[in-house]
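Structure file entry37.tsv; described as TSV, C-alpha atoms.
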```tsv
chain	number	residue	atom	x	y	z
C	1	MET	CA	0.00	0.00	0.00
C	2	LYS	CA	1.23	3.50	-0.76
C	3	ALA	CA	1.32	6.14	1.93
C	4	ASP	CA	1.76	9.90	1.85
C	5	VAL	CA	3.42	10.11	5.25
C	6	THR	CA	5.26	7.54	7.37
C	7	VAL	CA	5.84	7.52	11.10
C	8	ASP	CA	8.42	5.17	12.60
C	9	CYS	CA	7.32	3.60	15.90
C	10	VAL	CA	9.68	0.62	15.87
C	11	GLY	CA	10.82	-0.18	19.38
C	12	LEU	CA	8.00	1.79	20.97
C	13	TYR	CA	5.26	0.39	23.16
C	14	CYS	CA	1.76	1.50	24.06
C	15	PRO	CA	0.78	4.33	24.31
C	16	MET	CA	3.59	5.87	22.25
C	17	PRO	CA	2.60	4.56	18.76
C	18	ILE	CA	-0.89	5.99	19.30
C	19	VAL	CA	0.52	9.29	20.56
C	20	ASN	CA	2.86	9.58	17.58
C	21	THR	CA	0.10	8.60	15.15
C	22	ALA	CA	-2.21	11.27	16.56
C	23	ARG	CA	0.55	13.87	16.42
C	24	LYS	CA	1.40	13.05	12.82
C	25	ILE	CA	-2.14	12.81	11.50
C	26	LYS	CA	-2.92	16.27	12.88
C	27	GLN	CA	-0.38	17.74	10.45
C	28	MET	CA	-1.87	15.91	7.46
C	29	GLN	CA	-4.70	16.77	5.09
C	30	SER	CA	-7.88	14.70	4.94
C	31	GLY	CA	-7.68	11.95	2.36
C	32	GLN	CA	-3.95	11.44	2.88
C	33	VAL	CA	-2.71	8.04	4.02
C	34	LEU	CA	-0.44	7.58	7.03
C	35	GLU	CA	1.78	4.55	7.40
C	36	VAL	CA	2.76	3.59	10.94
C	37	VAL	CA	5.67	1.18	11.18
C	38	ALA	CA	5.78	-0.68	14.48
C	39	ASP	CA	6.86	-3.93	16.05
C	40	ASP	CA	4.63	-4.04	19.12
C	41	GLU	CA	1.97	-6.64	18.47
C	42	GLY	CA	-0.61	-4.60	20.39
C	43	ILE	CA	-0.93	-2.19	17.49
C	44	LYS	CA	-2.82	-4.83	15.47
C	45	GLN	CA	-5.86	-4.27	17.65
C	46	ASP	CA	-5.06	-0.80	18.92
C	47	MET	CA	-4.98	0.93	15.57
C	48	PRO	CA	-8.42	-0.23	14.32
C	49	ASN	CA	-9.85	0.73	17.72
C	50	TRP	CA	-8.11	4.09	17.66
C	51	ALA	CA	-9.43	4.74	14.15
C	52	ASN	CA	-12.90	3.76	15.28
C	53	MET	CA	-12.76	6.19	18.21
C	54	THR	CA	-11.27	9.08	16.30
C	55	GLY	CA	-13.18	8.69	13.04
C	56	HIS	CA	-10.19	8.01	10.78
C	57	GLU	CA	-10.30	5.17	8.29
C	58	PHE	CA	-8.30	2.06	9.12
C	59	LEU	CA	-7.05	0.59	5.85
C	60	GLY	CA	-5.14	-2.49	6.95
C	61	ILE	CA	-1.89	-4.00	8.14
C	62	GLU	CA	0.97	-5.49	6.15
C	63	GLU	CA	3.57	-7.62	7.86
C	64	ILE	CA	6.98	-7.18	6.23
C	65	ASP	CA	10.18	-8.65	7.68
C	66	GLY	CA	8.69	-8.95	11.15
C	67	LYS	CA	7.54	-5.34	11.19
C	68	LEU	CA	3.95	-4.19	11.12
C	69	HIS	CA	3.02	-1.55	8.56
C	70	VAL	CA	-0.31	-0.05	9.54
C	71	PHE	CA	-2.24	2.21	7.16
C	72	VAL	CA	-4.75	4.85	8.17
C	73	ARG	CA	-6.52	7.41	5.99
C	74	LYS	CA	-7.19	10.79	7.53
C	75	SER	CA	-10.89	11.59	7.54
C	76	GLN	CA	-12.63	14.92	7.58
C	77	GLY	CA	-14.40	15.79	10.80
C	78	SER	CA	-12.49	13.37	12.99
C	79	VAL	CA	-11.83	14.17	16.65
C	80	VAL	CA	-8.04	14.07	16.35
T	81	MET	CA	-17.32	17.45	14.40
T	82	PRO	CA	-18.51	14.83	16.93
T	83	GLU	CA	-18.69	15.88	20.56
T	84	LYS	CA	-15.61	15.06	22.60
T	85	GLU	CA	-15.86	12.26	25.13
T	86	LYS	CA	-14.44	12.69	28.59
T	87	ILE	CA	-12.21	10.64	30.86
T	88	THR	CA	-11.76	11.37	34.55
T	89	LEU	CA	-9.01	9.73	36.53
T	90	ILE	CA	-8.40	9.94	40.25
T	91	LEU	CA	-4.77	9.37	41.06
T	92	PHE	CA	-4.79	8.55	44.76
T	93	SER	CA	-1.55	6.55	44.78
T	94	GLY	CA	1.92	8.00	44.90
T	95	GLU	CA	3.76	5.06	43.40
T	96	MET	CA	5.62	5.02	40.12
T	97	ASP	CA	3.95	1.96	38.60
T	98	LYS	CA	0.47	3.26	39.33
T	99	ALA	CA	1.36	6.70	38.00
T	100	LEU	CA	2.63	5.04	34.79
T	101	ALA	CA	-0.71	3.27	34.39
T	102	ALA	CA	-2.66	6.49	34.99
T	103	PHE	CA	-0.61	8.52	32.52
T	104	ASN	CA	-0.69	5.74	29.95
T	105	ILE	CA	-4.50	5.92	29.96
T	106	ALA	CA	-4.54	9.72	30.10
T	107	ILE	CA	-2.17	10.09	27.14
T	108	GLY	CA	-3.91	7.35	25.17
T	109	GLY	CA	-7.25	9.07	25.75
T	110	ALA	CA	-5.96	12.49	24.81
T	111	SER	CA	-4.44	11.00	21.64
T	112	SER	CA	-7.81	9.48	20.81
T	113	GLY	CA	-9.52	12.83	20.88
T	114	MET	CA	-10.90	12.70	24.42
T	115	ASP	CA	-10.86	15.37	27.11
T	116	VAL	CA	-8.90	14.00	30.03
T	117	THR	CA	-8.84	15.25	33.62
T	118	ILE	CA	-6.66	13.83	36.37
T	119	PHE	CA	-7.51	14.55	40.00
T	120	PHE	CA	-4.48	14.21	42.19
T	121	THR	CA	-5.37	13.45	45.77
T	122	PHE	CA	-3.67	12.12	48.91
T	123	TRP	CA	-0.44	10.27	47.99
T	124	GLY	CA	-1.15	11.05	44.35
T	125	LEU	CA	-0.10	14.64	45.07
T	126	ASN	CA	3.47	13.32	45.28
T	127	VAL	CA	3.39	12.73	41.52
T	128	ILE	CA	2.98	16.45	40.76
T	129	LYS	CA	5.36	17.76	43.41
T	130	LYS	CA	8.62	19.31	42.28
T	131	ASN	CA	11.70	17.13	42.69
T	132	GLU	CA	12.98	19.40	45.42
T	133	GLY	CA	13.72	19.32	49.13
T	134	SER	CA	11.01	18.75	51.71
T	135	ILE	CA	8.17	21.24	51.95
T	136	LYS	CA	8.16	23.59	54.93
T	137	SER	CA	4.77	23.86	56.54
T	138	LYS	CA	3.07	24.63	59.85
T	139	GLY	CA	3.58	22.29	62.78
T	140	VAL	CA	6.00	19.56	63.74
T	141	MET	CA	3.85	16.71	62.46
T	142	ARG	CA	3.33	18.23	59.01
T	143	ASN	CA	7.01	19.00	58.70
T	144	MET	CA	7.83	15.45	59.73
T	145	LEU	CA	5.37	14.05	57.19
T	146	ASN	CA	6.72	16.26	54.43
T	147	PHE	CA	10.27	15.36	55.36
T	148	MET	CA	9.51	11.66	54.99
T	149	ASN	CA	7.07	12.07	52.11
T	150	ARG	CA	8.95	14.38	49.78
T	151	GLY	CA	7.47	13.19	46.51
T	152	GLY	CA	8.34	14.41	43.04
T	153	ALA	CA	7.89	12.41	39.82
T	154	GLY	CA	11.49	11.23	39.95
T	155	ARG	CA	11.28	9.98	43.51
T	156	LEU	CA	8.20	7.76	43.47
T	157	PRO	CA	8.70	4.24	44.84
T	158	LEU	CA	7.37	1.05	43.27
T	159	SER	CA	4.21	-0.40	44.82
T	160	GLN	CA	5.88	-3.82	44.87
T	161	PHE	CA	9.50	-4.96	44.90
T	162	HIS	CA	10.77	-1.48	45.63
T	163	MET	CA	13.49	-3.05	47.82
T	164	LEU	CA	14.94	0.25	49.09
T	165	GLY	CA	15.16	1.54	45.56
T	166	MET	CA	16.91	-1.45	44.01
T	167	GLY	CA	13.71	-2.78	42.49
T	168	LYS	CA	12.88	0.63	41.12
T	169	TRP	CA	16.35	1.00	39.67
T	170	MET	CA	15.87	-2.30	37.85
T	171	MET	CA	12.40	-1.33	36.67
T	172	LEU	CA	13.75	1.93	35.25
T	173	LYS	CA	16.39	-0.06	33.37
T	174	LEU	CA	13.71	-2.36	31.94
T	175	MET	CA	11.65	0.64	30.91
T	176	LYS	CA	14.62	2.21	29.21
T	177	ASP	CA	15.19	-1.08	27.42
T	178	ILE	CA	11.84	-0.75	25.64
T	179	ASN	CA	12.07	3.06	25.27
T	180	PHE	CA	9.24	3.54	27.73
T	181	PRO	CA	9.10	7.10	29.09
T	182	GLN	CA	9.53	7.87	32.78
T	183	VAL	CA	6.82	9.60	34.80
T	184	ASP	CA	8.22	13.12	34.34
T	185	GLU	CA	8.30	12.65	30.55
T	186	LEU	CA	4.74	11.30	30.61
T	187	ILE	CA	3.64	14.35	32.58
T	188	GLN	CA	5.17	16.56	29.92
T	189	THR	CA	3.47	14.64	27.10
T	190	ALA	CA	0.15	14.73	28.96
T	191	LYS	CA	0.40	18.51	29.31
T	192	GLU	CA	1.30	18.89	25.62
T	193	LEU	CA	-1.84	16.93	24.75
T	194	GLY	CA	-4.00	19.13	26.96
T	195	VAL	CA	-4.62	16.78	29.90
T	196	LYS	CA	-6.06	18.80	32.78
T	197	PHE	CA	-4.47	18.45	36.22
T	198	ILE	CA	-6.49	19.23	39.35
T	199	ALA	CA	-5.00	19.05	42.84
T	200	CYS	CA	-7.18	18.21	45.84
T	201	THR	CA	-7.21	21.09	48.30
T	202	THR	CA	-8.32	18.96	51.25
T	203	SER	CA	-5.24	16.76	51.02
T	204	MET	CA	-3.10	19.84	50.51
T	205	GLY	CA	-4.52	21.45	53.66
T	206	MET	CA	-4.22	18.33	55.76
T	207	MET	CA	-0.66	17.61	54.70
T	208	GLY	CA	0.38	21.25	54.73
T	209	ILE	CA	1.29	21.42	51.05
T	210	GLY	CA	1.14	24.83	49.34
T	211	LYS	CA	0.62	25.51	45.64
T	212	ASP	CA	4.30	26.37	45.24
T	213	ALA	CA	5.20	22.75	46.01
T	214	PHE	CA	3.80	21.67	42.66
T	215	ILE	CA	5.08	21.67	39.09
T	216	PRO	CA	3.64	24.42	36.84
T	217	GLY	CA	1.31	21.99	35.00
T	218	VAL	CA	-1.41	22.05	37.66
T	219	ASP	CA	-4.46	23.76	36.16
T	220	SER	CA	-6.63	24.19	39.23
T	221	TYR	CA	-7.15	23.40	42.89
T	222	ALA	CA	-10.51	22.04	43.96
T	223	GLY	CA	-12.57	19.51	45.89
T	224	VAL	CA	-15.13	16.78	45.49
T	225	ALA	CA	-17.85	18.85	43.80
T	226	THR	CA	-15.50	19.72	40.96
T	227	TYR	CA	-14.51	16.09	40.62
T	228	LEU	CA	-18.16	14.98	40.60
T	229	ALA	CA	-19.13	17.63	38.08
T	230	GLU	CA	-16.43	16.32	35.73
T	231	ALA	CA	-17.01	12.65	36.52
T	232	ARG	CA	-20.75	12.68	35.83
T	233	GLU	CA	-20.05	13.87	32.30
T	234	SER	CA	-17.34	11.25	31.76
T	235	LYS	CA	-17.89	7.83	30.24
T	236	ILE	CA	-14.67	6.58	31.76
T	237	ASN	CA	-13.90	7.04	35.45
T	238	LEU	CA	-11.01	5.35	37.18
T	239	PHE	CA	-9.62	5.41	40.70
T	240	ILE	CA	-5.94	4.54	40.68
```

Starting from the coordinates I provided, produce the structure as structure tokens.
Amino acid sequence: MKADVTVDCVGLYCPMPIVNTARKIKQMQSGQVLEVVADDEGIKQDMPNWANMTGHEFLGIEEIDGKLHVFVRKSQGSVV
Amino acid sequence: MPEKEKITLILFSGEMDKALAAFNIAIGGASSGMDVTIFFTFWGLNVIKKNEGSIKSKGVMRNMLNFMNRGGAGRLPLSQFHMLGMGKWMMLKLMKDINFPQVDELIQTAKELGVKFIACTTSMGMMGIGKDAFIPGVDSYAGVATYLAEARESKINLFI
């Protein structure tokens, strides 16, 4: 999947990937796709739940070389 | 724009592990678009004290208490396996190992994300702690009615 912006959260644990995702997505325009690269397994469930709470669109997860690439599309009118 | 949900946390404990849990939830909530308020009461006040010498207050007993109970985010013990600081030292090493922030860094992040800090004035009065004992991040000083007013509007309420 192609992303407009990437945020590296490798080596970080909850809540930091969520914090960094929120920080990054605030600077983006709606419709743009953010890629979060992480290696904490918790993000598999955390990111869809975060997207659900905030109103952003969770696009999916790709596992490449043991790292999780999570894709989220910024929505208009979201809370973060 | 959907209406913001609210989280209210009471931090009653003055231990590092419990403070980590509280700030983890607070920061997670704030990053998920929620309004977060933390009420610091009783031993929880230690978390927002400056990392300075003991507080001078009125009376021998209060001075004794404040001498023994100095507080400050950097000086919080562990609730278990503190072992005169050895357990905490090890825990800090483990945290560093996974890049997990310490309490003072979490406080800073929480403030950046707009988490509201309220200090309980009853505990402050009883323990003889003045406003100048706290870090600048404290937004207000209040009692139970303020807590209840916030809590009744919150979907998530935790006592830690």

Using all atoms listed in the file, which residues sit within 7 Å of region 50-64 of chain C once same-chain residues fewer than 2 positions away are excluded, as a ChimeraX atom specification?
-> /C:46-48,66-75,78-80 /T:112-113

Saved selection, atoms kept: C-alpha atoms, as a JSON list (two decimals), in the frame of the given file:
```json
[["chain", "number", "residue", "atom", "x", "y", "z"],
["C", 46, "ASP", "CA", -5.06, -0.80, 18.92],
["C", 47, "MET", "CA", -4.98, 0.93, 15.57],
["C", 48, "PRO", "CA", -8.42, -0.23, 14.32],
["C", 66, "GLY", "CA", 8.69, -8.95, 11.15],
["C", 67, "LYS", "CA", 7.54, -5.34, 11.19],
["C", 68, "LEU", "CA", 3.95, -4.19, 11.12],
["C", 69, "HIS", "CA", 3.02, -1.55, 8.56],
["C", 70, "VAL", "CA", -0.31, -0.05, 9.54],
["C", 71, "PHE", "CA", -2.24, 2.21, 7.16],
["C", 72, "VAL", "CA", -4.75, 4.85, 8.17],
["C", 73, "ARG", "CA", -6.52, 7.41, 5.99],
["C", 74, "LYS", "CA", -7.19, 10.79, 7.53],
["C", 75, "SER", "CA", -10.89, 11.59, 7.54],
["C", 78, "SER", "CA", -12.49, 13.37, 12.99],
["C", 79, "VAL", "CA", -11.83, 14.17, 16.65],
["C", 80, "VAL", "CA", -8.04, 14.07, 16.35],
["T", 112, "SER", "CA", -7.81, 9.48, 20.81],
["T", 113, "GLY", "CA", -9.52, 12.83, 20.88]]
```

Near-Thr6 (chain C) list (9 Å; all atoms listed in the file; drop same-chain fewer than 5 positions) as a CSV table (one decimal) with C-alpha atoms, keeping the file's coordinate frame:
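The resulting file, part02.csv, is reproduced below:
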```
chain,number,residue,atom,x,y,z
C,24,LYS,CA,1.4,13.0,12.8
C,33,VAL,CA,-2.7,8.0,4.0
C,34,LEU,CA,-0.4,7.6,7.0
C,35,GLU,CA,1.8,4.6,7.4
C,36,VAL,CA,2.8,3.6,10.9
C,37,VAL,CA,5.7,1.2,11.2
```

Calculate how many Å separate CA of Asp8 (chain C) from CA of Gln182 (chain T), rounding to one decimal.
-> 20.4 Å

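Proximity to chain C was assessed for T:Lys98, T:His162, T:Arg155, T:Lys176 counting all atoms listed in the file; the smallest distance is recorded for T:Lys176.
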
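Between chain C and the candidates T:Ile178, T:Met163, T:Leu228, T:Ile90, the tightest atom-to-atom separation, counting all atoms listed in the file, involves T:Ile178.
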
Could you pull the residues within 9 Å of Gly194 (chain T), counting all atoms listed in the file, minus those fewer than 3 positions along the same chain, as an MDAnalysis selection string?
-> chainID T and resid 110 115:116 189:191

Considering only C-alpha atoms, tabulate each residue of chain T that lies at most 8 Å from chain C along with its nearest interatomic pair and the corresponding distance in Å to one decimal; arrange the rows by chain and ascending residue number and present them as CSV.
```
residue,atom,partner,partner_atom,distance
T:Met81,CA,C:Gly77,CA,4.9
T:Pro82,CA,C:Val79,CA,6.7
T:Lys84,CA,C:Val79,CA,7.1
T:Asn104,CA,C:Pro15,CA,6.0
T:Ile105,CA,C:Pro15,CA,7.9
T:Ile107,CA,C:Pro15,CA,7.1
T:Gly108,CA,C:Pro15,CA,5.6
T:Ser111,CA,C:Val19,CA,5.4
T:Ser112,CA,C:Thr54,CA,5.7
T:Gly113,CA,C:Val80,CA,4.9
T:Met114,CA,C:Val79,CA,8.0
T:Ile178,CA,C:Gly11,CA,6.4
T:Asn179,CA,C:Leu12,CA,6.1
T:Phe180,CA,C:Tyr13,CA,6.8
```

Any idea what's packed within 12 Å of Arg232 (chain T), counting all atoms listed in the file, ignoring anything in its chain fewer than 4 positions away? Could you give it as an NGL selection string?
-> :T and (85-88 or 224-228 or 236-237)
